[in-house]
file work.pdb (PDB, C-alpha atoms)
ATOM      1  CA  MET A   1      30.085 118.698  56.859  1.00  0.00           C
ATOM      2  CA  PRO A   2      28.413 115.689  58.548  1.00  0.00           C
ATOM      3  CA  ASP A   3      24.794 114.755  57.917  1.00  0.00           C
ATOM      4  CA  ARG A   4      22.367 113.969  60.754  1.00  0.00           C
ATOM      5  CA  SER A   5      23.954 110.544  61.236  1.00  0.00           C
ATOM      6  CA  GLY A   6      27.383 112.125  61.683  1.00  0.00           C
ATOM      7  CA  LYS A   7      28.718 111.037  58.276  1.00  0.00           C
ATOM      8  CA  ARG A   8      30.774 113.513  56.316  1.00  0.00           C
ATOM      9  CA  LYS A   9      29.298 115.032  53.192  1.00  0.00           C
ATOM     10  CA  PRO A  10      31.464 115.142  50.053  1.00  0.00           C
ATOM     11  CA  ARG A  11      33.661 118.208  49.903  1.00  0.00           C
ATOM     12  CA  THR A  12      33.788 120.631  47.016  1.00  0.00           C
ATOM     13  CA  PRO A  13      36.856 119.794  44.888  1.00  0.00           C
ATOM     14  CA  ARG A  14      39.882 121.896  45.824  1.00  0.00           C
ATOM     15  CA  GLY A  15      40.075 125.099  43.831  1.00  0.00           C
ATOM     16  CA  LEU A  16      36.369 125.154  42.966  1.00  0.00           C
ATOM     17  CA  ALA A  17      34.290 127.607  44.986  1.00  0.00           C
ATOM     18  CA  PRO A  18      30.850 126.244  45.942  1.00  0.00           C
ATOM     19  CA  ARG A  19      27.998 127.997  44.171  1.00  0.00           C
ATOM     20  CA  LEU A  20      24.603 128.840  45.552  1.00  0.00           C
ATOM     21  CA  GLY A  21      21.967 126.700  43.861  1.00  0.00           C
ATOM     22  CA  TYR A  22      18.210 127.119  43.963  1.00  0.00           C
ATOM     23  CA  TYR A  23      16.603 126.442  47.330  1.00  0.00           C
ATOM     24  CA  PHE A  24      12.921 125.815  47.956  1.00  0.00           C
ATOM     25  CA  ILE A  25      12.399 126.193  51.701  1.00  0.00           C
ATOM     26  CA  VAL A  26       9.029 125.229  53.177  1.00  0.00           C
ATOM     27  CA  THR A  27       7.765 125.964  56.678  1.00  0.00           C
ATOM     28  CA  ASP A  28       4.381 125.574  58.343  1.00  0.00           C
ATOM     29  CA  THR A  29       4.464 128.820  60.319  1.00  0.00           C
ATOM     30  CA  LYS A  30       3.475 132.278  59.127  1.00  0.00           C
ATOM     31  CA  LYS A  31       5.556 134.189  61.655  1.00  0.00           C
ATOM     32  CA  THR A  32       8.786 133.234  63.422  1.00  0.00           C
ATOM     33  CA  GLU A  33      10.380 130.765  61.008  1.00  0.00           C
ATOM     34  CA  LYS A  34       9.153 132.653  57.953  1.00  0.00           C
ATOM     35  CA  ASN A  35      10.463 136.004  59.174  1.00  0.00           C
ATOM     36  CA  TYR A  36      13.839 134.524  60.146  1.00  0.00           C
ATOM     37  CA  LEU A  37      14.243 132.849  56.750  1.00  0.00           C
ATOM     38  CA  LEU A  38      13.183 135.982  54.883  1.00  0.00           C
ATOM     39  CA  GLY A  39      15.791 137.895  56.869  1.00  0.00           C
ATOM     40  CA  LEU A  40      18.438 135.371  55.880  1.00  0.00           C
ATOM     41  CA  ARG A  41      17.434 135.665  52.228  1.00  0.00           C
ATOM     42  CA  ASP A  42      17.439 139.465  52.319  1.00  0.00           C
ATOM     43  CA  ALA A  43      20.926 139.475  53.861  1.00  0.00           C
ATOM     44  CA  ILE A  44      22.560 137.864  50.831  1.00  0.00           C
ATOM     45  CA  PRO A  45      23.449 139.764  47.629  1.00  0.00           C
ATOM     46  CA  LYS A  46      20.366 141.001  45.816  1.00  0.00           C
ATOM     47  CA  GLU A  47      21.230 139.190  42.603  1.00  0.00           C
ATOM     48  CA  LEU A  48      21.162 135.855  44.478  1.00  0.00           C
ATOM     49  CA  GLN A  49      17.988 136.388  46.499  1.00  0.00           C
ATOM     50  CA  ARG A  50      15.743 134.955  43.783  1.00  0.00           C
ATOM     51  CA  GLN A  51      17.512 131.610  44.282  1.00  0.00           C
ATOM     52  CA  LEU A  52      15.935 131.248  47.733  1.00  0.00           C
ATOM     53  CA  THR A  53      12.176 130.759  47.738  1.00  0.00           C
ATOM     54  CA  ILE A  54      10.478 130.762  51.163  1.00  0.00           C
ATOM     55  CA  HIS A  55       7.123 129.012  50.995  1.00  0.00           C
ATOM     56  CA  VAL A  56       4.650 128.938  53.880  1.00  0.00           C
ATOM     57  CA  GLU A  57       2.367 125.917  53.703  1.00  0.00           C
ATOM     58  CA  ASN A  58      -1.002 126.258  55.426  1.00  0.00           C
ATOM     59  CA  ALA A  59      -1.299 122.583  56.273  1.00  0.00           C
ATOM     60  CA  PRO A  60      -0.855 120.367  59.336  1.00  0.00           C
ATOM     61  CA  THR A  61       2.802 119.646  60.081  1.00  0.00           C
ATOM     62  CA  GLU A  62       2.299 115.958  59.311  1.00  0.00           C
ATOM     63  CA  LYS A  63       1.412 116.986  55.734  1.00  0.00           C
ATOM     64  CA  LEU A  64       4.511 119.158  55.337  1.00  0.00           C
ATOM     65  CA  VAL A  65       6.536 116.637  53.323  1.00  0.00           C
ATOM     66  CA  GLU A  66       3.677 115.910  50.934  1.00  0.00           C
ATOM     67  CA  LYS A  67       2.941 119.602  50.418  1.00  0.00           C
ATOM     68  CA  ALA A  68       6.633 120.461  49.988  1.00  0.00           C
ATOM     69  CA  LEU A  69       6.966 117.874  47.225  1.00  0.00           C
ATOM     70  CA  GLU A  70       3.831 119.153  45.510  1.00  0.00           C
ATOM     71  CA  ALA A  71       4.877 122.808  45.680  1.00  0.00           C
ATOM     72  CA  ALA A  72       8.502 122.201  44.673  1.00  0.00           C
ATOM     73  CA  GLY A  73       7.339 120.006  41.784  1.00  0.00           C
ATOM     74  CA  LEU A  74       5.899 123.089  40.115  1.00  0.00           C
ATOM     75  CA  HIS A  75       9.375 124.678  40.015  1.00  0.00           C
ATOM     76  CA  SER A  76      11.855 122.277  38.436  1.00  0.00           C
ATOM     77  CA  GLN A  77      14.805 124.640  38.870  1.00  0.00           C
ATOM     78  CA  TYR A  78      14.962 124.047  42.616  1.00  0.00           C
ATOM     79  CA  GLY A  79      17.653 121.469  43.316  1.00  0.00           C
ATOM     80  CA  GLU A  80      17.488 121.776  47.110  1.00  0.00           C
ATOM     81  CA  ILE A  81      14.226 121.231  48.982  1.00  0.00           C
ATOM     82  CA  TRP A  82      14.178 121.891  52.731  1.00  0.00           C
ATOM     83  CA  ILE A  83      11.438 121.826  55.337  1.00  0.00           C
ATOM     84  CA  VAL A  84      11.765 123.863  58.524  1.00  0.00           C
ATOM     85  CA  PHE A  85       9.752 123.029  61.633  1.00  0.00           C
ATOM     86  CA  ASP A  86       9.872 122.568  65.429  1.00  0.00           C
ATOM     87  CA  ARG A  87       9.058 119.612  67.643  1.00  0.00           C
ATOM     88  CA  ASP A  88       6.793 121.727  69.870  1.00  0.00           C
ATOM     89  CA  ARG A  89       3.607 119.613  70.139  1.00  0.00           C
ATOM     90  CA  VAL A  90       4.195 117.560  66.986  1.00  0.00           C
ATOM     91  CA  THR A  91       3.592 113.923  67.939  1.00  0.00           C
ATOM     92  CA  ASP A  92       5.005 112.486  64.679  1.00  0.00           C
ATOM     93  CA  PHE A  93       8.176 114.585  64.798  1.00  0.00           C
ATOM     94  CA  ASP A  94      10.624 111.718  64.163  1.00  0.00           C
ATOM     95  CA  GLN A  95       8.432 110.113  61.504  1.00  0.00           C
ATOM     96  CA  ILE A  96       8.152 113.386  59.571  1.00  0.00           C
ATOM     97  CA  ILE A  97      11.935 113.737  59.533  1.00  0.00           C
ATOM     98  CA  GLN A  98      12.345 110.144  58.348  1.00  0.00           C
ATOM     99  CA  GLU A  99       9.722 110.598  55.639  1.00  0.00           C
ATOM    100  CA  ALA A 100      11.398 113.778  54.405  1.00  0.00           C
ATOM    101  CA  GLU A 101      14.832 112.180  54.239  1.00  0.00           C
ATOM    102  CA  ALA A 102      13.394 109.152  52.417  1.00  0.00           C
ATOM    103  CA  HIS A 103      12.148 111.557  49.713  1.00  0.00           C
ATOM    104  CA  GLY A 104      15.469 113.397  49.470  1.00  0.00           C
ATOM    105  CA  ILE A 105      14.213 116.436  51.377  1.00  0.00           C
ATOM    106  CA  HIS A 106      16.572 118.162  53.778  1.00  0.00           C
ATOM    107  CA  VAL A 107      15.200 118.912  57.247  1.00  0.00           C
ATOM    108  CA  ALA A 108      16.037 121.910  59.420  1.00  0.00           C
ATOM    109  CA  TRP A 109      14.377 120.920  62.680  1.00  0.00           C
ATOM    110  CA  SER A 110      14.592 122.399  66.159  1.00  0.00           C
ATOM    111  CA  ASN A 111      13.838 120.712  69.471  1.00  0.00           C
ATOM    112  CA  PRO A 112      11.854 121.921  71.264  1.00  0.00           C
ATOM    113  CA  CYS A 113      11.544 125.168  69.275  1.00  0.00           C
ATOM    114  CA  ILE A 114      13.408 127.530  66.974  1.00  0.00           C
ATOM    115  CA  GLU A 115      14.343 129.707  69.924  1.00  0.00           C
ATOM    116  CA  VAL A 116      17.038 127.168  70.907  1.00  0.00           C
ATOM    117  CA  TRP A 117      18.761 128.072  67.638  1.00  0.00           C
ATOM    118  CA  PHE A 118      18.210 131.789  68.200  1.00  0.00           C
ATOM    119  CA  SER A 119      19.790 131.528  71.654  1.00  0.00           C
ATOM    120  CA  ALA A 120      22.976 130.090  70.118  1.00  0.00           C
ATOM    121  CA  TYR A 121      23.718 133.536  68.648  1.00  0.00           C
ATOM    122  CA  TRP A 122      24.500 134.705  72.180  1.00  0.00           C
ATOM    123  CA  GLY A 123      26.031 131.675  73.875  1.00  0.00           C
ATOM    124  CA  ASN A 124      25.022 128.204  75.009  1.00  0.00           C
ATOM    125  CA  MET A 125      21.703 126.935  73.663  1.00  0.00           C
ATOM    126  CA  LEU A 126      18.748 126.996  76.051  1.00  0.00           C
ATOM    127  CA  SER A 127      18.004 123.581  77.535  1.00  0.00           C
ATOM    128  CA  ALA A 128      14.312 123.850  78.471  1.00  0.00           C
ATOM    129  CA  PRO A 129      12.531 120.620  77.408  1.00  0.00           C
ATOM    130  CA  GLU A 130       9.251 122.274  76.407  1.00  0.00           C
ATOM    131  CA  SER A 131       8.559 125.092  73.946  1.00  0.00           C
ATOM    132  CA  LYS A 132       6.679 127.237  76.471  1.00  0.00           C
ATOM    133  CA  ASP A 133       9.576 127.277  78.936  1.00  0.00           C
ATOM    134  CA  CYS A 134      12.145 127.691  76.164  1.00  0.00           C
ATOM    135  CA  CYS A 135      10.316 130.697  74.726  1.00  0.00           C
ATOM    136  CA  SER A 136       9.975 132.216  78.189  1.00  0.00           C
ATOM    137  CA  GLN A 137      13.713 131.910  78.821  1.00  0.00           C
ATOM    138  CA  PHE A 138      14.526 133.253  75.387  1.00  0.00           C
ATOM    139  CA  SER A 139      12.180 136.210  75.860  1.00  0.00           C
ATOM    140  CA  ALA A 140      14.062 137.224  78.993  1.00  0.00           C
ATOM    141  CA  ALA A 141      17.413 136.896  77.226  1.00  0.00           C
ATOM    142  CA  TYR A 142      16.129 138.795  74.192  1.00  0.00           C
ATOM    143  CA  GLU A 143      15.028 141.734  76.300  1.00  0.00           C
ATOM    144  CA  ARG A 144      18.469 141.907  77.918  1.00  0.00           C
ATOM    145  CA  LYS A 145      20.339 141.632  74.621  1.00  0.00           C
ATOM    146  CA  VAL A 146      18.121 143.627  72.273  1.00  0.00           C
ATOM    147  CA  GLY A 147      16.474 146.006  74.698  1.00  0.00           C
ATOM    148  CA  GLN A 148      12.873 145.263  73.782  1.00  0.00           C
ATOM    149  CA  GLU A 149      10.251 142.608  74.387  1.00  0.00           C
ATOM    150  CA  TYR A 150      10.398 139.507  72.228  1.00  0.00           C
ATOM    151  CA  ASP A 151       7.614 139.135  69.679  1.00  0.00           C
ATOM    152  CA  LYS A 152       7.412 135.850  67.745  1.00  0.00           C
ATOM    153  CA  ALA A 153       6.084 137.874  64.811  1.00  0.00           C
ATOM    154  CA  GLU A 154       9.132 140.194  64.808  1.00  0.00           C
ATOM    155  CA  ASP A 155       9.869 141.045  61.161  1.00  0.00           C
ATOM    156  CA  ALA A 156      13.517 141.889  61.796  1.00  0.00           C
ATOM    157  CA  ILE A 157      14.398 138.882  63.970  1.00  0.00           C
ATOM    158  CA  TYR A 158      17.288 137.798  61.733  1.00  0.00           C
ATOM    159  CA  THR A 159      18.845 141.262  61.652  1.00  0.00           C
ATOM    160  CA  LYS A 160      18.504 141.682  65.403  1.00  0.00           C
ATOM    161  CA  LEU A 161      20.087 138.315  66.169  1.00  0.00           C
ATOM    162  CA  CYS A 162      23.036 139.040  63.886  1.00  0.00           C
ATOM    163  CA  GLY A 163      23.381 142.553  65.289  1.00  0.00           C
ATOM    164  CA  SER A 164      23.454 141.412  68.911  1.00  0.00           C
ATOM    165  CA  GLY A 165      25.343 138.136  68.524  1.00  0.00           C
ATOM    166  CA  SER A 166      27.524 136.049  66.233  1.00  0.00           C
ATOM    167  CA  GLU A 167      26.104 133.817  63.521  1.00  0.00           C
ATOM    168  CA  ALA A 168      29.442 132.065  62.956  1.00  0.00           C
ATOM    169  CA  ASP A 169      29.680 131.227  66.661  1.00  0.00           C
ATOM    170  CA  ALA A 170      26.027 130.125  66.701  1.00  0.00           C
ATOM    171  CA  ILE A 171      26.706 127.634  63.905  1.00  0.00           C
ATOM    172  CA  GLN A 172      29.673 126.192  65.804  1.00  0.00           C
ATOM    173  CA  ARG A 173      27.721 125.932  69.057  1.00  0.00           C
ATOM    174  CA  ALA A 174      24.769 124.212  67.376  1.00  0.00           C
ATOM    175  CA  GLU A 175      27.013 121.750  65.566  1.00  0.00           C
ATOM    176  CA  ARG A 176      28.897 120.910  68.784  1.00  0.00           C
ATOM    177  CA  ARG A 177      25.599 120.246  70.538  1.00  0.00           C
ATOM    178  CA  LEU A 178      24.380 118.026  67.696  1.00  0.00           C
ATOM    179  CA  GLN A 179      27.624 116.049  67.674  1.00  0.00           C
ATOM    180  CA  ALA A 180      27.541 115.678  71.475  1.00  0.00           C
ATOM    181  CA  HIS A 181      24.131 113.996  71.239  1.00  0.00           C
ATOM    182  CA  LEU A 182      25.366 111.646  68.518  1.00  0.00           C
ATOM    183  CA  GLU A 183      28.544 110.788  70.417  1.00  0.00           C
ATOM    184  CA  ASN A 184      26.415 109.960  73.453  1.00  0.00           C
ATOM    185  CA  GLY A 185      24.464 107.470  71.356  1.00  0.00           C
ATOM    186  CA  GLN A 186      21.365 109.616  70.924  1.00  0.00           C
ATOM    187  CA  SER A 187      20.270 109.973  67.295  1.00  0.00           C
ATOM    188  CA  ILE A 188      16.489 110.232  67.715  1.00  0.00           C
ATOM    189  CA  PRO A 189      15.618 113.903  67.053  1.00  0.00           C
ATOM    190  CA  SER A 190      12.727 114.028  69.545  1.00  0.00           C
ATOM    191  CA  LYS A 191      15.111 112.902  72.301  1.00  0.00           C
ATOM    192  CA  MET A 192      17.846 115.389  71.427  1.00  0.00           C
ATOM    193  CA  ILE A 193      17.144 118.391  73.686  1.00  0.00           C
ATOM    194  CA  PRO A 194      18.256 121.047  73.036  1.00  0.00           C
ATOM    195  CA  CYS A 195      19.204 120.536  69.423  1.00  0.00           C
ATOM    196  CA  THR A 196      18.699 121.897  65.931  1.00  0.00           C
ATOM    197  CA  THR A 197      19.798 121.322  62.364  1.00  0.00           C
ATOM    198  CA  LEU A 198      18.676 124.747  61.156  1.00  0.00           C
ATOM    199  CA  HIS A 199      22.270 125.908  61.504  1.00  0.00           C
ATOM    200  CA  ARG A 200      23.251 123.575  58.666  1.00  0.00           C
ATOM    201  CA  LEU A 201      20.888 125.293  56.250  1.00  0.00           C
ATOM    202  CA  VAL A 202      22.244 128.701  57.293  1.00  0.00           C
ATOM    203  CA  GLN A 203      25.839 127.486  57.020  1.00  0.00           C
ATOM    204  CA  GLU A 204      25.294 125.923  53.607  1.00  0.00           C
ATOM    205  CA  ILE A 205      23.819 129.106  52.202  1.00  0.00           C
ATOM    206  CA  ARG A 206      26.401 131.352  53.804  1.00  0.00           C
ATOM    207  CA  ARG A 207      29.425 129.368  52.617  1.00  0.00           C
ATOM    208  CA  LYS A 208      28.192 129.595  49.028  1.00  0.00           C
ATOM    209  CA  ILE A 209      27.973 133.388  49.017  1.00  0.00           C
ATOM    210  CA  PRO A 210      30.944 135.046  47.264  1.00  0.00           C
ATOM    211  CA  ALA A 211      33.191 136.942  49.678  1.00  0.00           C
TER     212      ALA A 211
END
call {"tool": "encode", "arguments": {"input": "work.pdb", "output": "C-alpha cells"}}
result
Amino acid sequence: MPDRSGKRKPRTPRGLAPRLGYYFIVTDTKKTEKNYLLGLRDAIPKELQRQLTIHVENAPTEKLVEKALEAAGLHSQYGEIWIVFDRDRVTDFDQIIQEAEAHGIHVAWSNPCIEVWFSAYWGNMLSAPESKDCCSQFSAAYERKVGQEYDKAEDAIYTKLCGSGSEADAIQRAERRLQAHLENGQSIPSKMIPCTTLHRLVQEIRRKIPA
C-alpha cells in the first residue's frame, strides 16, 4: 500500500499472514472520531480488541503530536502510534502532519472533516471545502440513508455506516481520491479537498484480522 507520498510500503512476505500489532490511536475529539474508532475496535474479534487503545487527548490540536508521544511512551507494547484529526479550523494542519511523520507517528487526517470519509461508505466523497458545509451535506445524506437525523455524538456511527454502506468500497474510493490528488501534483494535505487518510488505518487493521 502506498504512503502519503505515493510510495509503496513493503509487502508481507508471501505465505505469511499479517498479524495485528498493538495500536495506540490518539484523537483530540470526545465525540465523532472517538465513537467511530471505538466502533471499529468493537467490530473486531473480542480477543484482539485490547490491542487497539483509543485515547482522547484534551489538548489543542497543535499539541497532539507531543501528547501522543507522551501518552504512548507509558505503554511500550504499542508499536503503532496514530493520530486522528480534521483540518476544520486548524491553521497548522500541514505542519502537524509533518511533525508527526518526523517522529514516526502515522496520521489519519481528513480534509475538511471526518464526514468526507463517512460519505465514502455510500458513494463519491463530499467535495464541500469547509467543515460546516460538508457536515450539512452529510447530514442530509445520513437522514436519507439511515432514516434519522445525524448527531456528531452518535455512539453507533461505525455500525450504522457499515450497515447502510460498504466499508471495502469506501476504502477504494478514498484511496482513488488520494491518488488522484497526488497524480495531479497536489501533495499538500490542506490543499487536498476532499481527501482523507483515515481509510488507511481502517484498511490496515481490517487486513490483519483473521478471516
call {"tool": "resolve_selection", "arguments": {"input": "work.pdb", "expression": "the PyMOL selection byres ((chain A and resi 95-106) around 12)", "output": "PyMOL selection string"}}
result
chain A and resi 3-5+23-26+60-69+72+78-87+90-94+107-110+187-190+197-198+200-201+204
call {"tool": "resolve_selection", "arguments": {"input": "work.pdb", "expression": "the PyMOL selection byres ((chain A and resi 30) around 9)", "output": "list in words"}}
result
Thr27, Asp28, Thr29, Lys31, Thr32, Glu33, Lys34, Asn35, Val56, Glu57, Asn58 and Ala153 of chain A
call {"tool": "closest_residue", "arguments": {"input": "work.pdb", "among": "A:Glu115, A:Cys134, A:Tyr142, A:Arg177", "to": "Lys160 (chain A)", "atoms": "only C-alpha atoms"}}
result
A:Tyr142
call {"tool": "residues_around", "arguments": {"input": "work.pdb", "residues": "Pro210 (chain A)", "least_positions_apart": "4", "cutoff": "12 Å", "atoms": "all atoms listed in the file", "output": "compact mmCIF listing (two decimals) with C-alpha atoms, keeping the file's coordinate frame"}}
result
# COMPACT_ATOMS: atom_id res chain seq x y z
CA ALA A 17 34.29 127.61 44.99
CA PRO A 18 30.85 126.24 45.94
CA ARG A 19 28.00 128.00 44.17
CA LEU A 20 24.60 128.84 45.55
CA ILE A 44 22.56 137.86 50.83
CA PRO A 45 23.45 139.76 47.63
CA GLU A 47 21.23 139.19 42.60
CA LEU A 48 21.16 135.85 44.48
CA ILE A 205 23.82 129.11 52.20
CA ARG A 206 26.40 131.35 53.80
call {"tool": "closest_residue", "arguments": {"input": "work.pdb", "among": "A:Lys46, A:Leu38, A:Ala71, A:Lys132", "to": "Ile209 (chain A)", "atoms": "only C-alpha atoms"}}
result
A:Lys46
call {"tool": "atom_distance", "arguments": {"input": "work.pdb", "atom1": "CA of Ala128 (chain A)", "atom2": "CA of Arg89 (chain A)"}}
result
14.2 Å
call {"tool": "resolve_selection", "arguments": {"input": "work.pdb", "expression": "the PyMOL selection byres ((chain A and resi 194) around 6)", "output": "number ranges by chain"}}
result
A: 111, 127, 192-193, 195
call {"tool": "closest_residue", "arguments": {"input": "work.pdb", "among": "A:Cys113, A:Leu74, A:Tyr22, A:Ser119", "to": "Ala140 (chain A)", "atoms": "all atoms listed in the file"}}
result
A:Ser119
call {"tool": "closest_residue", "arguments": {"input": "work.pdb", "among": "A:Ser76, A:Gln203, A:Gln49, A:Gln137", "to": "Ala174 (chain A)", "atoms": "only C-alpha atoms"}}
result
A:Gln203
call {"tool": "atom_distance", "arguments": {"input": "work.pdb", "atom1": "CA of Ala156 (chain A)", "atom2": "CA of Arg41 (chain A)"}}
result
12.1 Å
call {"tool": "decode", "arguments": {"input": "work.pdb", "residues": "region 193-207 of chain A", "atoms": "C-alpha atoms", "output": "PDB file, in the first residue's frame"}}
result
ATOM      1  CA  ILE A 193     -10.128  18.640  -0.829  1.00  0.00           C
ATOM      2  CA  PRO A 194     -11.875  16.310  -0.346  1.00  0.00           C
ATOM      3  CA  CYS A 195      -9.364  13.821   0.964  1.00  0.00           C
ATOM      4  CA  THR A 196      -8.578  11.554   3.887  1.00  0.00           C
ATOM      5  CA  THR A 197      -6.028   9.017   5.037  1.00  0.00           C
ATOM      6  CA  LEU A 198      -8.270   7.551   7.734  1.00  0.00           C
ATOM      7  CA  HIS A 199      -9.148   4.766   5.315  1.00  0.00           C
ATOM      8  CA  ARG A 200      -5.562   3.520   5.518  1.00  0.00           C
ATOM      9  CA  LEU A 201      -5.814   2.980   9.262  1.00  0.00           C
ATOM     10  CA  VAL A 202      -9.108   1.113   8.806  1.00  0.00           C
ATOM     11  CA  GLN A 203      -7.676  -0.957   5.955  1.00  0.00           C
ATOM     12  CA  GLU A 204      -4.522  -1.835   7.870  1.00  0.00           C
ATOM     13  CA  ILE A 205      -6.480  -3.063  10.859  1.00  0.00           C
ATOM     14  CA  ARG A 206      -9.033  -4.926   8.786  1.00  0.00           C
ATOM     15  CA  ARG A 207      -6.499  -6.784   6.636  1.00  0.00           C
TER      16      ARG A 207
END
